[in-house]
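Heads up: the structure comes next, in structure tokens.
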Amino acid sequence: MASVQFNGIVKKFKDNLVLNGVDVDIKDHEFVVIVGPSGCGKTTLLRMLAGLEEITGGEILIDGLRVNELHPSKRQIAMVFQDYALYPHMTVEQNMSFALRLRKTDKAEIDARVGEAASILQLQPFLQRMPKQLSGGQRQRVAIGRAIVRKPKVFLFDEPLSNLDAKLREEMRVEIAKLYQRLNATIIYVTHDQVEAMTLAGRIVIMNKGIVQQVGSPIEVYRKPANLFVAGFIGSPTMNLLSGKLSLQGEDLFFSNGDIRISIPPYLLHDAKKHDGREVTVGVRPDDVLVGRTGEKCSDKVEGVLEVCELLGHRENLYIKAGNTRLLATVEAFFDRSPGAAVSLCFNYKNMHVFDKATEKRISE
Amino acid sequence: MEILRSIYEVAGFIVLIALGVGALEAYFYYHFRYYDRPWFFPVALAAFPIGALVAASAIAGSYEFSLWFYFLLAEALIAAAFRYVVKGRHTVPYLLLAPAFVGLALLLVYPFAFEVYLSFHDLKLNTIMMWKNTGRIPFAGLSQYVKVFTTSPLSEVTFWALLGRTLLWTFSNVFFHVLGGFALALLLNNAIRFKGAYRTLLVIPWAMPQVVAVLAMRGEFHSQNGFVNIAITKLLAAFPFLASLGVAPVQWLSDYPLLTCTIVNIWLGIPFMMVVILGGLQSISSSYYDAADIDGASYLQKLRFITVPLIKPVLMPAVTLGTVWTFNNINVIYLVTGQAGGTEQADILVSALYKAAFTYNRYSYSAAFAIVVFALLFFISVTYLHGFDAAKEER
Ligand SMILES: Nc1ncnc2c1ncn2[C@@H]1O[C@H](COP(=O)(O)OP(=O)(O)OP(=O)(O)O)[C@@H](O)[C@H]1O
Ligand SMILES: [Mg+2]
């Protein structure tokens, strides 16, 4: 159990700047998920914390102690690798006990710890097997078991579920959530799966191009994305992003992009005069595009044509074209209209997001 | 004109080979195609033995009727095999393999069979003329095999002494090959500058023809003009106190011939092991080392618990090959010690075998000797192979 701090972490591979000033504070016993697109430096950050990669600049503190120069084994961390890295020539039991045997822990203690980890992860039947005789999910559990046995202060998981199929991934996700409650440890978890991030995380760190874009609880990053990148990255299906211009008419602010003209209520952007003429991007989640129910409190109707319907089961995705603007709406199944039909829709203003076009920063409340 | 004639000869030879291969393919094709026809046996037995007899007498220039009987017997066996075992299956693969099989039979099976035949007879300097004139060699039963174990192949050293020396030679060579190869591979596996250049330099002894490499090294061990003794002399001149420690120029070739051969052969054999082990090291995923770092393994522990077990699968076959090569390595021993007036002190089984056959002209005795050596090597290789099967089961 420990806190972890990244202070201005910079990483260069030769001239290639991979991390550019990462600052994150992770509290004791927190489950932090790091998400970001491929190649944004998540693994690199984790490996630097583990001590497997040299730190170009900045410092890393574990429990307030600077660990930049500390050997990986002294940092009291355990890492679960994306490819598991189970030693192929050792049995499951030998894999799990390797670290303890290196430290010359006594036999009884080793057996007790391996037994405990095996029972938590239901690995007892496999202890004498070789890794290649296990399924993907079982290997994954062994990799976690190897981490647990060492009783580290911080667990690092690097996309541990990415090699598993969808169903197994769901099961393991629940297992990891249970494990977290049981172990009472600090966990840093890298993934690019949104569902994992949203369901497991206490806090999410969203990274892009080596820069932290936003840190916050899953709800915060979903409800109030700090910038365009986060808005587009979090949430599935992806948020509709419309770029256009704000203009003032009388007291009211309007957004328009040629096809769509809607008013921006004052609780989204106060001080309407300040924003007159500003280039912005407006974001609306597909769930907040209301189709067909135009009766209630909807002042600016948008007319469009239904292009494609995708039935997902209880929900349905509607691809709508309004002028030259394409919009995605997610509605309750079954939306009984065929492609080509004219539909009218309006936006749920309360959940709309406005971003400055130049800085890409959020400007709405 | 000379050139034209050579071209003509080569072309003729190629045509001859092509005709031979064509005849061979036709022969097998017949057996694959018509094995179930009623006339299969009569036609095969009538046509092929006579064809073979004609071909054989054309090649030998004379004619011997008894050969026809052997050809008939062989054809009966082959035809029966095609009718009852092969049954026309796998036609194309066998047709494609046929030339290679026949080539192998000529190059491997025939000499081996002849060697077995020789080992039960008595062919030596005083019977060779009889063989040439009458085609017969006195039958000797197992007596050649008894002689292998009871008499010396050369003038004094016994089979058992040679065997002991060979095992020591093989073990020490392979041990140092693996040790040196492993050490160099570990160095080369680091991110060092000019890695490619070092690798090339280190592989040179292996890439050079062995004869050249060995003769060059032999020169370096010459008592007066060799590099080794000159280096020792210079060192003594620079640091006189070394003399009191017993350092002095050594008569390498006459006093320590086996040691000299061993040093030369170690130098020759390290590159192969280095290349194989380097390949093995490069195939180990770096994530095992990362995991071991986190688990707290020191450099030596990583070497012992990760590297060595993981290169075993490539190392074991290389060690088997190395063992067989070293056991059979006549080049180094013969070239360093074997020429005129050479010593017997460095001989191992195969070099003694070579000398027994071609210096002392005891052909049948050496054939028996060779079969004993073959049996030994076969036993060693099978044991090793079982070794890796067991190792494979573990993984
Ligand atoms: N050893 C290395 N040498 C040079 N560049 C590297 C090295 N390791 C990673 N990089 C580069 O650093 C960047 C970040 O890599 P990293 O592995 O951290 O990405 P990631 O966020 O984990 O991606 P993914 O989601 O695909 O795993 C990439 O552009 C990559 O090319
Ligand atoms: Mg990664």
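How things are named: the first chain in the structure tokens is A, the next is B, and so on; residues count from 1 in each chain; ligands count from 1 in the order shown.
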
Around ligand 1, out to 9 Å and counting only C-alpha atoms and all ligand atoms, which residues are there? I want them as a PDB file with C-alpha atoms, in the first residue's frame.
ATOM      1  CA  LYS A  11      11.175  10.196 -21.653  1.00  0.00           C
ATOM      2  CA  LYS A  12      13.161  10.305 -24.845  1.00  0.00           C
ATOM      3  CA  PHE A  13      14.245   7.375 -26.968  1.00  0.00           C
ATOM      4  CA  LYS A  14      17.174   9.007 -28.755  1.00  0.00           C
ATOM      5  CA  ASN A  16      12.001  10.680 -30.065  1.00  0.00           C
ATOM      6  CA  LEU A  17      10.120  12.417 -27.275  1.00  0.00           C
ATOM      7  CA  VAL A  18       7.687   9.849 -25.923  1.00  0.00           C
ATOM      8  CA  LEU A  19       6.598  11.348 -22.616  1.00  0.00           C
ATOM      9  CA  VAL A  35      -5.910   4.962 -21.063  1.00  0.00           C
ATOM     10  CA  GLY A  36      -4.858   6.404 -24.355  1.00  0.00           C
ATOM     11  CA  PRO A  37      -4.429   5.469 -27.983  1.00  0.00           C
ATOM     12  CA  SER A  38      -1.735   3.068 -29.100  1.00  0.00           C
ATOM     13  CA  GLY A  39       1.767   4.473 -28.892  1.00  0.00           C
ATOM     14  CA  CYS A  40       0.969   7.300 -26.505  1.00  0.00           C
ATOM     15  CA  GLY A  41       3.499   6.084 -23.941  1.00  0.00           C
ATOM     16  CA  LYS A  42       1.418   4.156 -21.421  1.00  0.00           C
ATOM     17  CA  THR A  43       3.660   1.125 -21.325  1.00  0.00           C
ATOM     18  CA  THR A  44       6.699   3.350 -21.215  1.00  0.00           C
ATOM     19  CA  LEU A  45       5.347   5.179 -18.176  1.00  0.00           C
ATOM     20  CA  LEU A  46       4.620   1.913 -16.400  1.00  0.00           C
ATOM     21  CA  ARG A  47       8.024   0.488 -17.217  1.00  0.00           C
ATOM     22  CA  GLU A  53      13.285   1.930 -18.441  1.00  0.00           C
ATOM     23  CA  GLN A  82       0.886  -7.806 -21.477  1.00  0.00           C
ATOM     24  CA  ASP A 158      -0.075  -3.589 -18.587  1.00  0.00           C
ATOM     25  CA  GLU A 159      -3.104  -4.401 -20.722  1.00  0.00           C
ATOM     26  CA  VAL A 190      -3.027   0.325 -18.399  1.00  0.00           C
ATOM     27  CA  THR A 191      -5.602  -0.433 -21.028  1.00  0.00           C
ATOM     28  CA  HIS A 192      -7.083   0.935 -24.164  1.00  0.00           C
ATOM     29  CA  MET A 207      -2.995  10.293 -22.144  1.00  0.00           C
ATOM     30  CA  ASN A 208      -2.270  11.331 -25.682  1.00  0.00           C
ATOM     31  CA  LYS A 209       1.075  11.875 -27.371  1.00  0.00           C
ATOM     32  CA  GLY A 210       2.952  11.667 -24.097  1.00  0.00           C
TER      33      GLY A 210
END

So which bits of segment 63-273 of chain B end up alpha helix (DSSP H) when you DSSP the backbone, as a compact mmCIF listing (two decimals) with C-alpha atoms, in the first residue's frame?
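To be explicit, this is the file written out as part.txt:
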# COMPACT_ATOMS: atom_id res chain seq x y z
CA SER B 66 25.61 -64.99 -62.43
CA LEU B 67 24.82 -61.27 -62.08
CA TRP B 68 21.55 -61.85 -63.86
CA PHE B 69 20.43 -64.09 -61.04
CA TYR B 70 21.08 -61.35 -58.44
CA PHE B 71 19.21 -58.80 -60.55
CA LEU B 72 16.30 -61.21 -60.87
CA LEU B 73 16.18 -61.69 -57.12
CA ALA B 74 16.33 -57.93 -56.48
CA GLU B 75 13.62 -57.24 -59.02
CA ALA B 76 11.36 -59.89 -57.49
CA LEU B 77 11.74 -58.23 -54.10
CA ILE B 78 11.13 -54.72 -55.44
CA ALA B 79 8.13 -55.78 -57.51
CA ALA B 80 6.62 -57.60 -54.55
CA ALA B 81 7.14 -54.55 -52.36
CA THR B 91 3.54 -41.73 -56.63
CA VAL B 92 4.68 -38.19 -57.24
CA PRO B 93 6.63 -37.71 -53.98
CA TYR B 94 8.53 -40.96 -54.53
CA LEU B 95 9.24 -40.18 -58.15
CA LEU B 96 10.67 -36.84 -57.09
CA LEU B 97 12.75 -38.42 -54.35
CA ALA B 98 13.97 -41.36 -56.41
CA PRO B 99 17.16 -39.79 -57.87
CA ALA B 100 18.20 -38.56 -54.43
CA PHE B 101 17.52 -41.96 -52.87
CA VAL B 102 19.57 -43.75 -55.48
CA GLY B 103 22.37 -41.23 -55.11
CA LEU B 104 22.36 -41.74 -51.35
CA TYR B 110 27.03 -49.28 -50.79
CA PRO B 111 30.22 -48.17 -48.98
CA PHE B 112 28.72 -49.10 -45.65
CA ALA B 113 27.73 -52.53 -46.86
CA PHE B 114 31.15 -53.01 -48.38
CA GLU B 115 32.77 -51.99 -45.13
CA VAL B 116 30.75 -54.55 -43.20
CA TYR B 117 31.78 -57.13 -45.79
CA LEU B 118 35.44 -56.13 -45.46
CA SER B 119 35.34 -56.32 -41.69
CA ILE B 128 45.39 -57.25 -51.84
CA MET B 129 47.01 -58.69 -54.95
CA MET B 130 44.99 -61.85 -54.55
CA TRP B 131 41.84 -59.74 -54.38
CA LYS B 132 42.82 -57.90 -57.48
CA ASN B 133 43.59 -61.05 -59.44
CA THR B 134 40.84 -63.42 -58.31
CA SER B 143 38.78 -62.29 -35.80
CA GLN B 144 39.18 -58.69 -37.00
CA TYR B 145 36.85 -57.53 -34.24
CA VAL B 146 38.83 -59.48 -31.68
CA LYS B 147 42.01 -57.86 -32.96
CA VAL B 148 40.49 -54.41 -32.61
CA PHE B 149 40.29 -54.88 -28.86
CA THR B 150 43.48 -56.86 -28.38
CA PHE B 159 42.45 -49.43 -28.38
CA TRP B 160 41.55 -48.75 -24.75
CA ALA B 161 44.16 -46.03 -24.36
CA LEU B 162 42.90 -44.49 -27.58
CA LEU B 163 39.33 -44.66 -26.40
CA GLY B 164 40.20 -42.95 -23.12
CA ARG B 165 42.18 -40.30 -24.94
CA THR B 166 39.35 -39.75 -27.43
CA LEU B 167 36.79 -39.30 -24.68
CA LEU B 168 39.05 -36.86 -22.86
CA TRP B 169 39.73 -35.02 -26.12
CA THR B 170 36.03 -34.85 -27.00
CA PHE B 171 34.95 -33.76 -23.56
CA SER B 172 37.58 -31.07 -23.12
CA ASN B 173 37.03 -29.68 -26.59
CA VAL B 174 33.26 -29.55 -26.40
CA PHE B 175 33.41 -28.14 -22.89
CA PHE B 176 35.63 -25.26 -23.95
CA HIS B 177 33.70 -24.74 -27.18
CA VAL B 178 30.50 -24.25 -25.21
CA LEU B 179 32.16 -22.16 -22.53
CA GLY B 180 33.97 -19.90 -25.00
CA GLY B 181 31.02 -19.73 -27.37
CA PHE B 182 28.68 -18.85 -24.52
CA ALA B 183 30.97 -16.14 -23.18
CA LEU B 184 31.46 -14.54 -26.59
CA ALA B 185 27.76 -14.80 -27.42
CA LEU B 186 26.89 -13.05 -24.16
CA LEU B 187 29.31 -10.26 -25.00
CA LEU B 188 27.99 -9.93 -28.54
CA LYS B 195 29.06 -5.59 -33.17
CA GLY B 196 28.87 -6.73 -36.78
CA ALA B 197 32.63 -6.31 -37.22
CA TYR B 198 33.42 -8.34 -34.08
CA ARG B 199 31.02 -11.04 -35.12
CA THR B 200 32.64 -11.32 -38.53
CA LEU B 201 36.14 -11.47 -37.05
CA LEU B 202 35.10 -14.13 -34.59
CA VAL B 203 33.50 -16.30 -37.24
CA ILE B 204 36.54 -16.27 -39.52
CA PRO B 205 38.29 -19.37 -38.09
CA TRP B 206 35.15 -21.31 -38.83
CA ALA B 207 34.68 -19.94 -42.32
CA GLN B 210 40.18 -26.20 -41.93
CA VAL B 211 43.35 -27.32 -43.63
CA VAL B 212 44.54 -23.75 -44.01
CA ALA B 213 43.50 -22.75 -40.51
CA VAL B 214 45.16 -25.77 -38.91
CA LEU B 215 48.40 -25.50 -40.84
CA ALA B 216 48.62 -21.81 -40.02
CA MET B 217 48.05 -22.52 -36.32
CA ARG B 218 50.54 -25.36 -36.42
CA GLY B 219 53.13 -22.87 -37.58
CA GLU B 220 52.36 -20.65 -34.59
CA PHE B 227 54.17 -16.89 -32.33
CA VAL B 228 53.51 -18.62 -29.01
CA ASN B 229 57.11 -19.29 -28.13
CA ILE B 230 58.27 -15.93 -29.44
CA ALA B 231 55.66 -14.27 -27.24
CA ILE B 232 56.87 -16.27 -24.23
CA THR B 233 60.50 -15.34 -24.94
CA LYS B 234 59.65 -11.65 -25.23
CA LEU B 235 57.64 -11.77 -22.04
CA LEU B 236 60.55 -13.39 -20.23
CA ALA B 237 62.87 -10.69 -21.49
CA ALA B 238 60.50 -8.00 -20.28
CA PHE B 241 60.79 -12.78 -12.60
CA LEU B 242 58.43 -14.97 -14.68
CA ALA B 243 61.30 -17.40 -15.26
CA SER B 244 61.41 -18.16 -11.57
CA TRP B 252 54.65 -27.76 -28.23
CA LEU B 253 54.59 -30.20 -31.11
CA SER B 254 56.91 -32.81 -29.69
CA ASP B 255 56.26 -32.59 -25.93
CA PRO B 257 51.08 -32.73 -29.12
CA LEU B 258 47.60 -33.53 -27.81
CA LEU B 259 47.45 -30.29 -25.82
CA THR B 260 48.48 -28.37 -28.92
CA CYS B 261 45.83 -30.09 -30.99
CA THR B 262 43.26 -29.33 -28.30
CA ILE B 263 44.14 -25.64 -28.25
CA VAL B 264 43.97 -25.45 -32.03
CA ASN B 265 40.67 -27.28 -32.16
CA ILE B 266 39.12 -25.18 -29.39
CA TRP B 267 40.02 -22.08 -31.37
CA LEU B 268 38.42 -23.63 -34.45
CA GLY B 269 35.25 -24.80 -32.74
CA ILE B 270 34.27 -21.77 -30.66
CA PRO B 271 32.73 -19.77 -33.55
CA PHE B 272 30.15 -22.42 -34.34
CA MET B 273 28.95 -22.60 -30.75

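Restricting the calculation to only C-alpha atoms, the smallest distance between chain A and any of B:Trp39, B:Phe358, B:Tyr289, B:Phe221 is found for B:Tyr289.
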
| message | Just the number, please: distance in Å from atom CA of Ser243 of chain A to atom CA of Val282 of chain A, one decimal. | response | 6.2 Å

| Neighbour list for Leu306 of chain A as a list in words, cut-off 12 Å, only C-alpha atoms, skip fewer than 4 positions in-chain |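 The residues satisfying every condition are Val291, Gly292, Glu310, Asn317, Leu318, Tyr319, Ile320, Lys321, Ala322, Gly323, Arg326, Leu327, Leu328, Ala329, Phe335, Asp336, Arg337, Ser338, Pro339, Gly340, Ala341, Ala342, Val343, Ser344 and Leu345 of chain A.
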
Those residues you just picked out, can you put them in a file as an mmCIF file, in the first residue's frame with C-alpha atoms?
data_model
loop_
_atom_site.group_PDB
_atom_site.id
_atom_site.type_symbol
_atom_site.label_atom_id
_atom_site.label_comp_id
_atom_site.auth_asym_id
_atom_site.auth_seq_id
_atom_site.Cartn_x
_atom_site.Cartn_y
_atom_site.Cartn_z
ATOM 1 C CA VAL A 291 -35.005 11.654 -32.276
ATOM 2 C CA GLY A 292 -38.707 11.761 -32.903
ATOM 3 C CA GLU A 310 -28.005 -0.555 -36.563
ATOM 4 C CA ASN A 317 -27.821 3.378 -33.618
ATOM 5 C CA LEU A 318 -29.237 5.796 -36.156
ATOM 6 C CA TYR A 319 -26.969 7.470 -38.685
ATOM 7 C CA ILE A 320 -28.646 10.685 -39.701
ATOM 8 C CA LYS A 321 -27.650 13.271 -42.228
ATOM 9 C CA ALA A 322 -28.706 16.850 -41.726
ATOM 10 C CA GLY A 323 -27.597 18.808 -44.740
ATOM 11 C CA ARG A 326 -23.616 13.524 -40.182
ATOM 12 C CA LEU A 327 -24.983 12.718 -36.753
ATOM 13 C CA LEU A 328 -25.175 9.539 -34.749
ATOM 14 C CA ALA A 329 -28.089 9.027 -32.396
ATOM 15 C CA PHE A 335 -37.110 2.803 -34.049
ATOM 16 C CA ASP A 336 -39.611 1.929 -36.692
ATOM 17 C CA ARG A 337 -38.478 3.927 -39.692
ATOM 18 C CA SER A 338 -36.709 2.784 -42.813
ATOM 19 C CA PRO A 339 -33.586 4.418 -44.251
ATOM 20 C CA GLY A 340 -34.425 7.423 -46.363
ATOM 21 C CA ALA A 341 -37.182 8.586 -44.060
ATOM 22 C CA ALA A 342 -37.175 12.180 -42.853
ATOM 23 C CA VAL A 343 -36.646 12.530 -39.111
ATOM 24 C CA SER A 344 -36.544 15.497 -36.843
ATOM 25 C CA LEU A 345 -34.338 15.615 -33.820
#

| said: Please find the residues of chain B near chain A - the criterion being any atom within 8 Å, counting only C-alpha atoms - and write them as a PyMOL selection string. | reply: chain B and resi 287-288+290-297+306+309-310+394-395

I need the residues from that last selection saved to file as a PDB file, in the first residue's frame (with N, CA and C atoms), if you can.
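Below is the file that was written, selection_22.pdb:
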ATOM      1  N   SER B 287      11.132  -9.824 -22.233  1.00  0.00           N
ATOM      2  CA  SER B 287      10.219  -9.663 -21.102  1.00  0.00           C
ATOM      3  C   SER B 287      10.518 -10.657 -19.981  1.00  0.00           C
ATOM      4  N   TYR B 288      11.167 -11.786 -20.292  1.00  0.00           N
ATOM      5  CA  TYR B 288      11.555 -12.686 -19.193  1.00  0.00           C
ATOM      6  C   TYR B 288      12.590 -12.017 -18.289  1.00  0.00           C
ATOM      7  N   ASP B 290      12.881  -8.781 -17.931  1.00  0.00           N
ATOM      8  CA  ASP B 290      12.183  -7.738 -17.181  1.00  0.00           C
ATOM      9  C   ASP B 290      11.511  -8.343 -15.959  1.00  0.00           C
ATOM     10  N   ALA B 291      10.815  -9.466 -16.192  1.00  0.00           N
ATOM     11  CA  ALA B 291      10.120 -10.111 -15.082  1.00  0.00           C
ATOM     12  C   ALA B 291      11.133 -10.538 -14.027  1.00  0.00           C
ATOM     13  N   ALA B 292      12.279 -11.055 -14.462  1.00  0.00           N
ATOM     14  CA  ALA B 292      13.284 -11.507 -13.500  1.00  0.00           C
ATOM     15  C   ALA B 292      13.890 -10.333 -12.748  1.00  0.00           C
ATOM     16  N   ASP B 293      14.023  -9.186 -13.434  1.00  0.00           N
ATOM     17  CA  ASP B 293      14.524  -7.994 -12.738  1.00  0.00           C
ATOM     18  C   ASP B 293      13.588  -7.612 -11.609  1.00  0.00           C
ATOM     19  N   ILE B 294      12.285  -7.621 -11.918  1.00  0.00           N
ATOM     20  CA  ILE B 294      11.316  -7.256 -10.890  1.00  0.00           C
ATOM     21  C   ILE B 294      11.315  -8.292  -9.779  1.00  0.00           C
ATOM     22  N   ASP B 295      11.508  -9.556 -10.157  1.00  0.00           N
ATOM     23  CA  ASP B 295      11.561 -10.607  -9.140  1.00  0.00           C
ATOM     24  C   ASP B 295      12.839 -10.533  -8.315  1.00  0.00           C
ATOM     25  N   GLY B 296      13.785  -9.704  -8.763  1.00  0.00           N
ATOM     26  CA  GLY B 296      14.976  -9.488  -7.951  1.00  0.00           C
ATOM     27  C   GLY B 296      16.133 -10.412  -8.258  1.00  0.00           C
ATOM     28  N   ALA B 297      16.230 -10.890  -9.510  1.00  0.00           N
ATOM     29  CA  ALA B 297      17.341 -11.784  -9.831  1.00  0.00           C
ATOM     30  C   ALA B 297      18.591 -10.979 -10.180  1.00  0.00           C
ATOM     31  N   ILE B 306      17.320 -18.258 -16.127  1.00  0.00           N
ATOM     32  CA  ILE B 306      16.568 -17.883 -17.324  1.00  0.00           C
ATOM     33  C   ILE B 306      17.353 -18.255 -18.584  1.00  0.00           C
ATOM     34  N   PRO B 309      18.516 -22.304 -19.098  1.00  0.00           N
ATOM     35  CA  PRO B 309      17.409 -23.209 -19.459  1.00  0.00           C
ATOM     36  C   PRO B 309      16.770 -22.870 -20.793  1.00  0.00           C
ATOM     37  N   LEU B 310      16.731 -21.571 -21.128  1.00  0.00           N
ATOM     38  CA  LEU B 310      16.035 -21.209 -22.359  1.00  0.00           C
ATOM     39  C   LEU B 310      16.869 -21.425 -23.612  1.00  0.00           C
ATOM     40  N   GLU B 394       9.708 -31.686 -20.628  1.00  0.00           N
ATOM     41  CA  GLU B 394       9.614 -30.807 -19.476  1.00  0.00           C
ATOM     42  C   GLU B 394       8.987 -29.464 -19.797  1.00  0.00           C
ATOM     43  N   ARG B 395       9.149 -29.021 -21.063  1.00  0.00           N
ATOM     44  CA  ARG B 395       8.779 -27.631 -21.350  1.00  0.00           C
ATOM     45  C   ARG B 395       7.318 -27.497 -21.713  1.00  0.00           C
TER      46      ARG B 395
END

| field | For atom CA of Ala55 of chain B and atom CA of Ala11 of chain B, the interatomic separation in Å (one decimal) | value |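 Distance reported for this atom pair: 20.9 Å.
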
| request: Could you find all residues in segment 23-72 of chain A that DSSP calls strand (DSSP E or B) from the backbone, and write them as a PyMOL selection string? | output: chain A and resi 23-26+31-35+57-62+65-66

Would you output that residue set with N, CA, C and O atoms, as a PDB file, in the first residue's frame?
ATOM      1  N   ASP A  23       2.586  14.549 -14.989  1.00  0.00           N
ATOM      2  CA  ASP A  23       2.420  14.770 -13.552  1.00  0.00           C
ATOM      3  C   ASP A  23       1.163  14.064 -13.107  1.00  0.00           C
ATOM      4  O   ASP A  23       0.072  14.437 -13.542  1.00  0.00           O
ATOM      5  N   VAL A  24       1.303  13.061 -12.283  1.00  0.00           N
ATOM      6  CA  VAL A  24       0.113  12.399 -11.736  1.00  0.00           C
ATOM      7  C   VAL A  24       0.402  12.058 -10.290  1.00  0.00           C
ATOM      8  O   VAL A  24       1.498  11.619  -9.961  1.00  0.00           O
ATOM      9  N   ASP A  25      -0.589  12.270  -9.436  1.00  0.00           N
ATOM     10  CA  ASP A  25      -0.475  11.860  -8.038  1.00  0.00           C
ATOM     11  C   ASP A  25      -1.421  10.715  -7.804  1.00  0.00           C
ATOM     12  O   ASP A  25      -2.618  10.854  -8.059  1.00  0.00           O
ATOM     13  N   ILE A  26      -0.897   9.626  -7.341  1.00  0.00           N
ATOM     14  CA  ILE A  26      -1.771   8.477  -7.087  1.00  0.00           C
ATOM     15  C   ILE A  26      -1.748   8.218  -5.597  1.00  0.00           C
ATOM     16  O   ILE A  26      -0.682   8.089  -4.986  1.00  0.00           O
ATOM     17  N   PHE A  31      -7.210   2.774  -7.301  1.00  0.00           N
ATOM     18  CA  PHE A  31      -7.171   2.006  -8.550  1.00  0.00           C
ATOM     19  C   PHE A  31      -7.157   3.016  -9.685  1.00  0.00           C
ATOM     20  O   PHE A  31      -8.169   3.636  -9.971  1.00  0.00           O
ATOM     21  N   VAL A  32      -6.000   3.203 -10.289  1.00  0.00           N
ATOM     22  CA  VAL A  32      -5.883   4.204 -11.344  1.00  0.00           C
ATOM     23  C   VAL A  32      -5.731   3.494 -12.675  1.00  0.00           C
ATOM     24  O   VAL A  32      -4.924   2.583 -12.814  1.00  0.00           O
ATOM     25  N   VAL A  33      -6.544   3.904 -13.635  1.00  0.00           N
ATOM     26  CA  VAL A  33      -6.438   3.312 -14.964  1.00  0.00           C
ATOM     27  C   VAL A  33      -5.855   4.354 -15.904  1.00  0.00           C
ATOM     28  O   VAL A  33      -6.298   5.504 -15.914  1.00  0.00           O
ATOM     29  N   ILE A  34      -4.840   3.948 -16.648  1.00  0.00           N
ATOM     30  CA  ILE A  34      -4.261   4.843 -17.643  1.00  0.00           C
ATOM     31  C   ILE A  34      -4.771   4.409 -19.011  1.00  0.00           C
ATOM     32  O   ILE A  34      -4.603   3.252 -19.385  1.00  0.00           O
ATOM     33  N   VAL A  35      -5.441   5.310 -19.719  1.00  0.00           N
ATOM     34  CA  VAL A  35      -5.910   4.962 -21.063  1.00  0.00           C
ATOM     35  C   VAL A  35      -5.326   5.938 -22.068  1.00  0.00           C
ATOM     36  O   VAL A  35      -4.882   7.038 -21.716  1.00  0.00           O
ATOM     37  N   GLY A  57      13.880  12.558 -17.573  1.00  0.00           N
ATOM     38  CA  GLY A  57      13.761  13.751 -16.743  1.00  0.00           C
ATOM     39  C   GLY A  57      12.602  13.609 -15.775  1.00  0.00           C
ATOM     40  O   GLY A  57      11.701  12.812 -15.989  1.00  0.00           O
ATOM     41  N   GLY A  58      12.622  14.395 -14.698  1.00  0.00           N
ATOM     42  CA  GLY A  58      11.557  14.324 -13.718  1.00  0.00           C
ATOM     43  C   GLY A  58      11.853  13.279 -12.669  1.00  0.00           C
ATOM     44  O   GLY A  58      12.905  12.640 -12.684  1.00  0.00           O
ATOM     45  N   GLU A  59      10.917  13.123 -11.719  1.00  0.00           N
ATOM     46  CA  GLU A  59      11.174  12.103 -10.718  1.00  0.00           C
ATOM     47  C   GLU A  59       9.925  11.319 -10.359  1.00  0.00           C
ATOM     48  O   GLU A  59       8.809  11.782 -10.521  1.00  0.00           O
ATOM     49  N   ILE A  60      10.177  10.109  -9.907  1.00  0.00           N
ATOM     50  CA  ILE A  60       9.087   9.232  -9.489  1.00  0.00           C
ATOM     51  C   ILE A  60       9.265   8.964  -8.009  1.00  0.00           C
ATOM     52  O   ILE A  60      10.362   8.627  -7.551  1.00  0.00           O
ATOM     53  N   LEU A  61       8.182   9.149  -7.250  1.00  0.00           N
ATOM     54  CA  LEU A  61       8.241   8.901  -5.819  1.00  0.00           C
ATOM     55  C   LEU A  61       7.278   7.768  -5.474  1.00  0.00           C
ATOM     56  O   LEU A  61       6.136   7.752  -5.941  1.00  0.00           O
ATOM     57  N   ILE A  62       7.744   6.829  -4.699  1.00  0.00           N
ATOM     58  CA  ILE A  62       6.830   5.823  -4.147  1.00  0.00           C
ATOM     59  C   ILE A  62       6.842   6.018  -2.648  1.00  0.00           C
ATOM     60  O   ILE A  62       7.906   5.965  -2.021  1.00  0.00           O
ATOM     61  N   LEU A  65       9.299   8.436  -1.392  1.00  0.00           N
ATOM     62  CA  LEU A  65      10.730   8.151  -1.565  1.00  0.00           C
ATOM     63  C   LEU A  65      11.076   8.180  -3.044  1.00  0.00           C
ATOM     64  O   LEU A  65      10.417   7.512  -3.840  1.00  0.00           O
ATOM     65  N   ARG A  66      12.117   8.953  -3.375  1.00  0.00           N
ATOM     66  CA  ARG A  66      12.508   9.042  -4.777  1.00  0.00           C
ATOM     67  C   ARG A  66      13.132   7.710  -5.206  1.00  0.00           C
ATOM     68  O   ARG A  66      14.061   7.216  -4.580  1.00  0.00           O
TER      69      ARG A  66
END

| field | Selection near Glu344 of chain B, 10 Å with only C-alpha atoms, sequence-local residues under 5 positions removed, as number ranges by chain | value | B: 154-157, 162, 257-258, 337-338, 351-352

| task | Would you mind listing what lies within 12 Å of Tyr180 of chain A as a ChimeraX atom specification, with only C-alpha atoms counted and same-chain residues fewer than 2 positions away left out? | result | /A:1,29-32,120,144,148,154-155,173-178,182-189,200-202
